[in-house]
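Peer 1: One file is attached below, coords-v8.cif, containing mmCIF, C-alpha atoms.
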data_run
loop_
_atom_site.label_atom_id
_atom_site.label_comp_id
_atom_site.auth_asym_id
_atom_site.auth_seq_id
_atom_site.Cartn_x
_atom_site.Cartn_y
_atom_site.Cartn_z
CA MET A 1 -59.75 50.70 39.42
CA ILE A 2 -61.91 48.16 37.52
CA LYS A 3 -62.07 45.92 40.58
CA THR A 4 -63.14 48.84 42.79
CA PHE A 5 -65.87 49.83 40.33
CA SER A 6 -67.09 46.23 40.08
CA THR A 7 -67.26 45.98 43.87
CA LEU A 8 -69.34 49.19 44.04
CA VAL A 9 -71.72 47.92 41.34
CA LEU A 10 -72.10 44.63 43.20
CA LYS A 11 -72.89 46.43 46.47
CA LEU A 12 -75.51 48.59 44.75
CA PHE A 13 -77.06 45.52 43.10
CA LEU A 14 -77.23 43.60 46.35
CA PHE A 15 -78.71 46.61 48.15
CA SER A 16 -81.38 47.07 45.48
CA ALA A 17 -82.21 43.38 45.50
CA CYS A 18 -82.55 43.46 49.27
CA PHE A 19 -84.51 46.70 49.61
CA GLY A 20 -86.52 47.18 46.39
CA GLN A 21 -89.42 49.41 47.41
CA GLN A 22 -89.63 49.14 51.16
CA PHE A 23 -90.17 51.12 54.34
CA VAL A 24 -87.88 52.32 57.12
CA LEU A 25 -89.42 53.27 60.47
CA LEU A 26 -87.44 56.31 61.61
CA GLY A 27 -89.31 56.99 64.86
CA VAL A 28 -91.97 55.38 67.01
CA SER A 29 -92.93 57.84 69.74
CA GLN A 30 -95.66 60.44 70.13
CA ASP A 31 -94.98 64.03 68.97
CA ALA A 32 -92.86 65.05 71.96
CA GLY A 33 -90.45 62.11 71.71
CA TYR A 34 -89.15 59.76 74.37
CA PRO A 35 -88.13 60.81 76.97
CA GLN A 36 -90.62 63.64 77.14
CA ILE A 37 -89.69 67.08 78.44
CA GLY A 38 -90.40 67.55 82.14
CA CYS A 39 -90.94 63.86 82.86
CA LYS A 40 -88.72 62.54 85.65
CA LYS A 41 -90.92 59.55 86.43
CA GLU A 42 -89.83 55.95 86.11
CA CYS A 43 -91.00 55.73 82.48
CA CYS A 44 -88.43 58.33 81.35
CA ALA A 45 -85.76 58.34 84.08
CA SER A 46 -83.52 55.64 82.57
CA ILE A 47 -83.72 57.25 79.11
CA TRP A 48 -82.50 60.60 80.46
CA GLN A 49 -79.53 58.72 81.88
CA ASP A 50 -78.76 57.03 78.56
CA LEU A 51 -79.97 59.07 75.58
CA SER A 52 -78.80 56.38 73.18
CA LEU A 53 -82.11 54.73 74.13
CA ARG A 54 -84.18 57.74 73.05
CA LYS A 55 -87.02 57.32 70.59
CA TYR A 56 -87.84 59.91 67.94
CA PRO A 57 -91.38 61.01 67.04
CA VAL A 58 -92.92 58.69 64.50
CA SER A 59 -91.78 59.06 60.89
CA LEU A 60 -91.54 56.70 57.93
CA GLY A 61 -89.04 56.51 55.08
CA ILE A 62 -90.08 55.03 51.73
CA ILE A 63 -87.33 53.50 49.60
CA ASP A 64 -87.41 53.42 45.80
CA SER A 65 -84.28 51.59 44.74
CA VAL A 66 -85.24 51.67 41.04
CA GLU A 67 -85.23 55.47 40.93
CA ARG A 68 -82.45 55.70 43.55
CA LYS A 69 -84.63 58.01 45.65
CA TRP A 70 -86.37 57.99 48.99
CA TYR A 71 -89.29 59.85 50.56
CA LEU A 72 -90.03 60.95 54.11
CA ILE A 73 -93.43 60.96 55.79
CA ASP A 74 -93.75 63.57 58.55
CA ALA A 75 -91.21 66.25 59.41
CA THR A 76 -90.73 65.77 63.15
CA PRO A 77 -88.78 68.03 65.55
CA ASP A 78 -86.01 65.40 65.29
CA MET A 79 -86.04 65.26 61.49
CA LYS A 80 -82.34 66.05 61.15
CA TYR A 81 -81.43 63.01 63.27
CA GLN A 82 -83.89 60.82 61.39
CA ILE A 83 -82.54 61.81 57.99
CA ASP A 84 -79.06 60.94 59.22
CA LEU A 85 -80.39 57.66 60.65
CA PHE A 86 -81.77 56.77 57.22
CA SER A 87 -78.38 57.46 55.67
CA GLN A 88 -76.71 55.19 58.23
CA ILE A 89 -79.24 52.39 57.74
CA THR A 90 -78.85 52.49 53.96
CA ASN A 91 -75.07 52.94 54.03
CA GLY A 92 -75.27 56.25 52.18
CA THR A 93 -76.58 54.50 49.07
CA PHE A 94 -79.26 57.15 48.46
CA PRO A 95 -79.14 60.96 48.35
CA TYR A 96 -78.81 62.35 51.86
CA MET A 97 -82.03 64.34 51.62
CA PRO A 98 -85.37 62.82 50.65
CA GLU A 99 -86.83 63.51 47.24
CA ALA A 100 -89.94 64.83 48.99
CA ILE A 101 -91.59 65.12 52.40
CA LEU A 102 -95.23 64.18 52.95
CA LEU A 103 -97.13 65.76 55.84
CA THR A 104 -100.06 64.13 57.61
CA HIS A 105 -101.18 67.17 59.63
CA ALA A 106 -100.07 70.21 61.64
CA HIS A 107 -99.53 68.92 65.15
CA ILE A 108 -96.04 69.61 66.45
CA GLY A 109 -94.56 66.16 65.89
CA HIS A 110 -95.49 66.03 62.23
CA TYR A 111 -94.39 69.25 60.53
CA THR A 112 -92.16 71.42 62.75
CA GLY A 113 -88.97 69.78 61.44
CA LEU A 114 -89.46 71.88 58.32
CA ILE A 115 -87.77 74.70 60.23
CA ASP A 116 -84.38 73.05 59.60
CA LEU A 117 -84.86 73.61 55.88
CA GLY A 118 -84.74 77.40 56.33
CA ARG A 119 -81.89 79.81 55.66
CA GLU A 120 -80.78 79.76 59.31
CA ALA A 121 -80.09 76.05 58.90
CA MET A 122 -79.86 73.99 55.68
CA ASN A 123 -81.23 76.62 53.29
CA ALA A 124 -82.81 73.92 51.13
CA GLN A 125 -83.73 74.73 47.55
CA ASN A 126 -87.26 73.87 46.38
CA LEU A 127 -87.56 70.67 48.38
CA LYS A 128 -90.94 69.17 47.51
CA VAL A 129 -93.40 69.07 50.41
CA TYR A 130 -96.77 67.36 49.94
CA GLY A 131 -99.72 68.43 52.07
CA SER A 132 -103.44 69.03 51.93
CA LYS A 133 -104.87 72.34 50.71
CA ARG A 134 -105.40 73.37 54.33
CA MET A 135 -101.79 72.48 55.11
CA LYS A 136 -100.54 74.62 52.22
CA ARG A 137 -102.68 77.53 53.39
CA PHE A 138 -101.41 77.15 56.95
CA LEU A 139 -97.75 77.09 55.90
CA THR A 140 -98.05 80.00 53.48
CA LYS A 141 -100.07 82.26 55.81
CA ASN A 142 -98.17 81.79 59.09
CA GLY A 143 -94.64 82.54 60.22
CA PRO A 144 -92.03 81.24 60.36
CA TRP A 145 -93.21 78.69 57.79
CA GLN A 146 -94.20 81.29 55.19
CA GLN A 147 -90.54 82.31 54.95
CA LEU A 148 -89.70 78.80 53.74
CA VAL A 149 -92.13 79.36 50.89
CA LYS A 150 -91.03 82.93 50.16
CA LEU A 151 -87.36 81.97 49.96
CA ASN A 152 -88.11 78.85 47.89
CA ASN A 153 -86.71 76.54 50.55
CA ILE A 154 -89.76 74.35 50.00
CA ASN A 155 -92.15 73.81 47.11
CA ILE A 156 -95.59 72.85 48.45
CA LEU A 157 -97.60 70.40 46.37
CA THR A 158 -101.18 69.64 47.39
CA PHE A 159 -103.08 66.37 47.42
CA GLU A 160 -106.72 65.40 47.72
CA GLU A 161 -108.32 62.20 48.91
CA LYS A 162 -107.31 60.23 45.85
CA ALA A 163 -104.20 58.32 44.86
CA PHE A 164 -101.27 60.10 43.21
CA PRO A 165 -97.83 58.87 42.08
CA LEU A 166 -94.59 59.67 43.84
CA SER A 167 -92.64 57.74 41.22
CA PRO A 168 -93.37 55.05 38.60
CA GLN A 169 -93.02 52.49 41.41
CA ILE A 170 -94.79 54.21 44.31
CA SER A 171 -98.21 55.78 44.77
CA ILE A 172 -99.84 57.42 47.77
CA HIS A 173 -103.54 57.37 48.64
CA PRO A 174 -104.31 59.97 51.32
CA LEU A 175 -107.20 58.97 53.59
CA LEU A 176 -108.90 61.71 55.62
CA VAL A 177 -109.16 60.77 59.30
CA PRO A 178 -111.05 62.35 62.20
CA HIS A 179 -108.65 64.12 64.53
CA ARG A 180 -108.18 67.40 66.39
CA ASP A 181 -107.89 69.69 63.38
CA GLU A 182 -107.05 73.03 64.97
CA TYR A 183 -104.85 74.16 62.08
CA THR A 184 -105.20 71.63 59.26
CA ASP A 185 -107.06 68.47 58.41
CA THR A 186 -105.44 65.09 59.14
CA TYR A 187 -104.59 62.28 56.75
CA ALA A 188 -103.44 58.70 56.87
CA PHE A 189 -101.51 57.32 53.91
CA GLU A 190 -102.00 54.08 52.06
CA ILE A 191 -98.74 53.46 50.23
CA LYS A 192 -98.49 51.15 47.24
CA ALA A 193 -95.09 50.15 45.92
CA ALA A 194 -94.13 47.72 43.18
CA SER A 195 -93.88 44.82 45.59
CA LYS A 196 -95.29 45.98 48.94
CA SER A 197 -98.08 48.09 50.38
CA ALA A 198 -98.38 49.80 53.73
CA LEU A 199 -100.85 51.77 55.82
CA TYR A 200 -99.57 54.66 57.94
CA ILE A 201 -101.97 56.08 60.55
CA PRO A 202 -100.07 57.91 63.31
CA ASP A 203 -103.12 59.85 64.56
CA ILE A 204 -106.85 59.21 64.60
CA ASP A 205 -109.51 59.90 67.23
CA LYS A 206 -111.29 56.52 67.31
CA TRP A 207 -111.66 53.68 64.81
CA ASP A 208 -115.45 53.75 64.90
CA GLN A 209 -115.48 57.45 63.95
CA TRP A 210 -113.68 56.80 60.66
CA LYS A 211 -115.70 56.58 57.45
CA TYR A 212 -113.49 53.66 56.42
CA ASN A 213 -113.60 50.22 58.02
CA ILE A 214 -110.13 49.81 59.53
CA THR A 215 -110.26 46.02 59.22
CA ASN A 216 -110.99 46.23 55.51
CA VAL A 217 -108.17 48.71 54.96
CA ILE A 218 -105.66 46.53 56.81
CA ASN A 219 -106.76 43.52 54.76
CA ARG A 220 -105.64 45.19 51.54
CA VAL A 221 -102.08 46.05 52.66
CA ASP A 222 -99.00 44.07 53.65
CA ILE A 223 -98.15 46.06 56.76
CA ALA A 224 -100.06 48.52 58.94
CA PHE A 225 -98.46 51.14 61.19
CA LEU A 226 -101.25 52.09 63.60
CA ASP A 227 -101.85 54.80 66.21
CA ALA A 228 -101.18 53.36 69.67
CA THR A 229 -100.61 56.59 71.62
CA PHE A 230 -102.09 55.32 74.89
CA HIS A 231 -102.32 51.77 76.12
CA ASN A 232 -105.49 52.29 78.17
CA SER A 233 -107.79 54.93 79.64
CA LYS A 234 -106.01 55.00 83.01
CA GLU A 235 -102.56 55.71 81.62
CA LEU A 236 -102.52 59.45 82.26
CA ASN A 237 -102.79 59.47 86.02
CA PHE A 238 -102.11 63.19 86.39
CA LYS A 239 -104.05 66.40 85.87
CA ARG A 240 -104.90 65.97 82.21
CA ASN A 241 -108.25 65.01 80.72
CA ILE A 242 -107.61 62.12 78.34
CA ALA A 243 -110.90 62.94 76.60
CA GLU A 244 -109.20 66.08 75.25
CA ILE A 245 -106.59 64.01 73.42
CA PRO A 246 -108.58 61.10 71.94
CA HIS A 247 -106.79 58.18 70.30
CA PRO A 248 -107.66 54.49 70.00
CA PHE A 249 -106.39 52.83 73.17
CA VAL A 250 -104.27 49.77 72.44
CA THR A 251 -106.72 47.77 74.53
CA GLU A 252 -109.54 48.95 72.24
CA SER A 253 -107.61 47.94 69.13
CA LEU A 254 -106.84 44.52 70.56
CA GLU A 255 -110.52 44.02 71.39
CA LEU A 256 -111.54 45.11 67.89
CA PHE A 257 -109.11 42.72 66.18
CA LYS A 258 -109.28 39.80 68.63
CA ASN A 259 -111.16 37.49 66.27
CA GLU A 260 -108.98 38.22 63.26
CA PRO A 261 -106.57 35.50 62.04
CA THR A 262 -102.91 35.48 62.98
CA ASN A 263 -101.74 36.64 59.55
CA PHE A 264 -103.92 39.74 59.99
CA LYS A 265 -102.47 40.50 63.42
CA ASN A 266 -98.93 39.96 62.11
CA LYS A 267 -99.40 42.94 59.79
CA ILE A 268 -99.96 45.38 62.64
CA HIS A 269 -97.10 47.42 64.08
CA PHE A 270 -98.13 49.86 66.81
CA ILE A 271 -96.57 53.34 66.62
CA HIS A 272 -96.93 56.91 67.99
CA LEU A 273 -96.37 55.74 71.56
CA ASN A 274 -96.71 58.25 74.39
CA HIS A 275 -93.83 58.27 76.89
CA THR A 276 -96.19 56.71 79.46
CA ASN A 277 -97.08 53.78 77.20
CA PRO A 278 -95.76 50.45 78.56
CA LEU A 279 -95.20 49.22 75.00
CA LEU A 280 -92.08 51.42 74.87
CA ARG A 281 -90.45 49.17 77.43
CA GLU A 282 -90.00 45.45 78.02
CA THR A 283 -93.22 44.96 79.98
CA ILE A 284 -95.84 42.27 80.41
CA GLU A 285 -98.17 44.34 78.22
CA LYS A 286 -95.67 44.27 75.36
CA LYS A 287 -94.93 40.58 75.85
CA ASN A 288 -98.62 39.63 75.80
CA LEU A 289 -99.23 41.74 72.70
CA GLU A 290 -96.41 40.00 70.85
CA ILE A 291 -97.63 36.58 71.97
CA ASP A 292 -100.96 37.43 70.35
CA GLY A 293 -99.16 38.06 67.05
CA TYR A 294 -98.94 41.86 66.99
CA HIS A 295 -95.78 43.95 66.85
CA VAL A 296 -94.52 47.16 68.38
CA GLY A 297 -92.83 49.40 65.82
CA LYS A 298 -89.05 49.33 66.06
CA GLN A 299 -87.06 52.47 65.34
CA GLY A 300 -84.51 51.93 62.60
CA LYS A 301 -86.08 48.75 61.27
CA THR A 302 -86.52 48.19 57.54
CA TYR A 303 -89.70 46.41 56.46
#
Could I get this file's structure written as structure tokens?

Peer 2:
Amino acid sequence: MIKTFSTLVLKLFLFSACFGQQFVLLGVSQDAGYPQIGCKKECCASIWQDLSLRKYPVSLGIIDSVERKWYLIDATPDMKYQIDLFSQITNGTFPYMPEAILLTHAHIGHYTGLIDLGREAMNAQNLKVYGSKRMKRFLTKNGPWQQLVKLNNINILTFEEKAFPLSPQISIHPLLVPHRDEYTDTYAFEIKAASKSALYIPDIDKWDQWKYNITNVINRVDIAFLDATFHNSKELNFKRNIAEIPHPFVTESLELFKNEPTNFKNKIHFIHLNHTNPLLRETIEKKNLEIDGYHVGKQGKTY
């Protein structure tokens, strides 16, 4: 019995020493996932044949080994799989459910997973959900989300554009970004932990429309997860106006950062990839990007 207990303590110590306060990328794709519904083209065909290769919509886990808790950014339509993925990655060392969920905005890939917290599914009890004031108003005034509030499945806490603590080790600084704000405003998160800092921007219209200088923001963090929805302006070669869904093209980001040093480029991990984006596959575009020192976000990787 003593030996078994000692082994467990040793495993927990080694895990804490290894992880500390770190980040787990639980998805890398655009809101609709990869493969995307209705797509039978070459970009998705092989994934439909082998769904073990699927990619979830982008989401980030934050580990706090001191408090023995973790936090989830964005509640995607695949949230239940991503929560289970976190448990697998961390060997069940943490509580199965996150201590809280933080929402960036109300586009389908970033909040609709909340539905699994309702009484028809998990029937969660007062799970903390952080969002902007507009997000809280949206969730409390519209069904089916308002039922989550009424039945105390979730407890919505609001933030403004200033830093607030998640725990003694971790703080979050929401940064308002320009984006298509049909229902709510949109935020990026600058995350500061005891030993690491990260920038999480899954959605933004264009870098030059932001009131912050993206280069300066990246310079003050250790790792940056950046919107890379489309690789270039010609990617959507079907009847859809790409101007209606603005994002920084990867080619634009590479041009913007081309004169930055290698250690700057090494911080950048491109995320929120549309199913048409060649960076989702082993392509020359991905190879060249990595040669230049950048990274493509990897689902299931701990940073």

Peer 1: Give me, as a PyMOL selection string, all polymer residues having an atom no more than 12 Å from stretch 178-186 of chain A, counting only C-alpha atoms and skipping those fewer than 2 positions away in the same chain.

Peer 2: chain A and resi 74+102-108+110-111+131-139+141-142+159-161+174-176+188-189+201-212+227+243-248

Peer 1: Each side padded by 5 Å, which centre and which edge lengths in Å (one decimal) define the axis-aligned box around the listed atoms of stretch 252-268 of chain A? Give them as lines of an AutoDock Vina configuration file.

Peer 2:
center_x = -105.2
center_y = 42.2
center_z = 65.9
size_x = 22.6
size_y = 23.5
size_z = 22.7

Peer 1: If you apply the PyMOL selection byres ((chain A and resi 298) around 9) to this file, what residues do you get, as a ChimeraX atom specification?

Peer 2: /A:25-28,269,271,295-297,299-302

Peer 1: Considering only C-alpha atoms, can you say which of A:Ile214, A:Gln169, A:His231, A:Glu285 comes closest to A:Phe257?

Peer 2: A:Ile214

Peer 1: Give me, as JSON, numbers by chain, all polymer residues having an atom no more than 12 Å from A:Lys286, counting only C-alpha atoms and skipping those fewer than 3 positions away in the same chain.

Peer 2: {"A": [231, 250, 251, 269, 270, 277, 278, 279, 280, 281, 282, 283, 289, 290, 291, 292, 293, 294, 295, 296, 297]}

Peer 1: Using only C-alpha atoms, which of the listed residues (A:Gln82, A:Asn216, A:Asn266, A:Thr76) sits closest to A:Thr112?

Peer 2: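 Closest to A:Thr112 of all the choices is A:Thr76.
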
Peer 1: Which distance in Å separates atom CA of A:Lys192 and atom CA of A:Gly92, to one decimal?

Peer 2: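 It comes out at 24.3 Å.
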
Peer 1: Could you add N, CA, C and O atoms to stretch 270-293 of chain A and give me the result as an mmCIF file, keeping the file's coordinate frame?

Peer 2:
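result_24.cif, written as the output of this step:
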data_model
loop_
_atom_site.group_PDB
_atom_site.id
_atom_site.type_symbol
_atom_site.label_atom_id
_atom_site.label_comp_id
_atom_site.auth_asym_id
_atom_site.auth_seq_id
_atom_site.Cartn_x
_atom_site.Cartn_y
_atom_site.Cartn_z
ATOM 1 N N PHE A 270 -97.607 48.715 66.062
ATOM 2 C CA PHE A 270 -98.130 49.860 66.810
ATOM 3 C C PHE A 270 -97.065 50.951 66.922
ATOM 4 O O PHE A 270 -95.902 50.680 67.257
ATOM 5 N N ILE A 271 -97.485 52.191 66.652
ATOM 6 C CA ILE A 271 -96.570 53.340 66.620
ATOM 7 C C ILE A 271 -97.190 54.528 67.363
ATOM 8 O O ILE A 271 -98.284 54.438 67.896
ATOM 9 N N HIS A 272 -96.456 55.653 67.378
ATOM 10 C CA HIS A 272 -96.930 56.910 67.990
ATOM 11 C C HIS A 272 -97.189 56.700 69.485
ATOM 12 O O HIS A 272 -98.215 57.080 70.025
ATOM 13 N N LEU A 273 -96.226 56.130 70.165
ATOM 14 C CA LEU A 273 -96.370 55.740 71.560
ATOM 15 C C LEU A 273 -96.042 56.899 72.498
ATOM 16 O O LEU A 273 -94.950 57.469 72.429
ATOM 17 N N ASN A 274 -96.972 57.235 73.376
ATOM 18 C CA ASN A 274 -96.710 58.250 74.390
ATOM 19 C C ASN A 274 -95.642 57.752 75.360
ATOM 20 O O ASN A 274 -95.484 56.537 75.562
ATOM 21 N N HIS A 275 -94.927 58.680 75.989
ATOM 22 C CA HIS A 275 -93.830 58.270 76.890
ATOM 23 C C HIS A 275 -94.321 57.420 78.055
ATOM 24 O O HIS A 275 -93.549 56.681 78.660
ATOM 25 N N THR A 276 -95.616 57.504 78.367
ATOM 26 C CA THR A 276 -96.190 56.710 79.460
ATOM 27 C C THR A 276 -96.595 55.310 79.016
ATOM 28 O O THR A 276 -96.950 54.477 79.856
ATOM 29 N N ASN A 277 -96.569 55.043 77.729
ATOM 30 C CA ASN A 277 -97.080 53.780 77.200
ATOM 31 C C ASN A 277 -96.133 52.625 77.536
ATOM 32 O O ASN A 277 -94.950 52.664 77.189
ATOM 33 N N PRO A 278 -96.626 51.570 78.191
ATOM 34 C CA PRO A 278 -95.760 50.450 78.560
ATOM 35 C C PRO A 278 -95.178 49.705 77.370
ATOM 36 O O PRO A 278 -94.201 48.960 77.526
ATOM 37 N N LEU A 279 -95.734 49.906 76.167
ATOM 38 C CA LEU A 279 -95.200 49.220 75.000
ATOM 39 C C LEU A 279 -93.826 49.745 74.597
ATOM 40 O O LEU A 279 -93.125 49.114 73.798
ATOM 41 N N LEU A 280 -93.416 50.891 75.141
ATOM 42 C CA LEU A 280 -92.080 51.420 74.870
ATOM 43 C C LEU A 280 -90.993 50.664 75.619
ATOM 44 O O LEU A 280 -89.812 50.826 75.328
ATOM 45 N N ARG A 281 -91.402 49.872 76.581
ATOM 46 C CA ARG A 281 -90.450 49.170 77.430
ATOM 47 C C ARG A 281 -90.725 47.668 77.419
ATOM 48 O O ARG A 281 -91.748 47.232 76.906
ATOM 49 N N GLU A 282 -89.810 46.910 77.961
ATOM 50 C CA GLU A 282 -90.000 45.450 78.020
ATOM 51 C C GLU A 282 -90.919 45.128 79.195
ATOM 52 O O GLU A 282 -90.469 44.890 80.306
ATOM 53 N N THR A 283 -92.204 45.133 78.946
ATOM 54 C CA THR A 283 -93.220 44.960 79.980
ATOM 55 C C THR A 283 -94.098 43.762 79.663
ATOM 56 O O THR A 283 -94.063 43.212 78.553
ATOM 57 N N ILE A 284 -94.909 43.382 80.620
ATOM 58 C CA ILE A 284 -95.840 42.270 80.410
ATOM 59 C C ILE A 284 -96.851 42.629 79.332
ATOM 60 O O ILE A 284 -97.291 41.769 78.557
ATOM 61 N N GLU A 285 -97.223 43.918 79.254
ATOM 62 C CA GLU A 285 -98.170 44.340 78.220
ATOM 63 C C GLU A 285 -97.580 44.124 76.825
ATOM 64 O O GLU A 285 -98.272 43.645 75.919
ATOM 65 N N LYS A 286 -96.323 44.474 76.658
ATOM 66 C CA LYS A 286 -95.670 44.270 75.360
ATOM 67 C C LYS A 286 -95.508 42.788 75.059
ATOM 68 O O LYS A 286 -95.759 42.339 73.926
ATOM 69 N N LYS A 287 -95.127 42.011 76.045
ATOM 70 C CA LYS A 287 -94.930 40.580 75.850
ATOM 71 C C LYS A 287 -96.233 39.909 75.430
ATOM 72 O O LYS A 287 -96.267 39.102 74.494
ATOM 73 N N ASN A 288 -97.333 40.247 76.115
ATOM 74 C CA ASN A 288 -98.620 39.630 75.800
ATOM 75 C C ASN A 288 -99.089 40.026 74.398
ATOM 76 O O ASN A 288 -99.675 39.212 73.675
ATOM 77 N N LEU A 289 -98.851 41.266 74.028
ATOM 78 C CA LEU A 289 -99.230 41.740 72.700
ATOM 79 C C LEU A 289 -98.492 40.940 71.619
ATOM 80 O O LEU A 289 -99.090 40.520 70.618
ATOM 81 N N GLU A 290 -97.204 40.734 71.834
ATOM 82 C CA GLU A 290 -96.410 40.000 70.850
ATOM 83 C C GLU A 290 -96.786 38.527 70.818
ATOM 84 O O GLU A 290 -96.761 37.902 69.750
ATOM 85 N N ILE A 291 -97.161 37.961 71.939
ATOM 86 C CA ILE A 291 -97.630 36.580 71.970
ATOM 87 C C ILE A 291 -98.888 36.428 71.116
ATOM 88 O O ILE A 291 -99.089 35.406 70.436
ATOM 89 N N ASP A 292 -99.719 37.452 71.133
ATOM 90 C CA ASP A 292 -100.960 37.430 70.350
ATOM 91 C C ASP A 292 -100.721 37.640 68.860
ATOM 92 O O ASP A 292 -101.661 37.558 68.065
ATOM 93 N N GLY A 293 -99.485 37.948 68.468
ATOM 94 C CA GLY A 293 -99.160 38.060 67.050
ATOM 95 C C GLY A 293 -98.943 39.465 66.540
ATOM 96 O O GLY A 293 -98.586 39.667 65.371
#
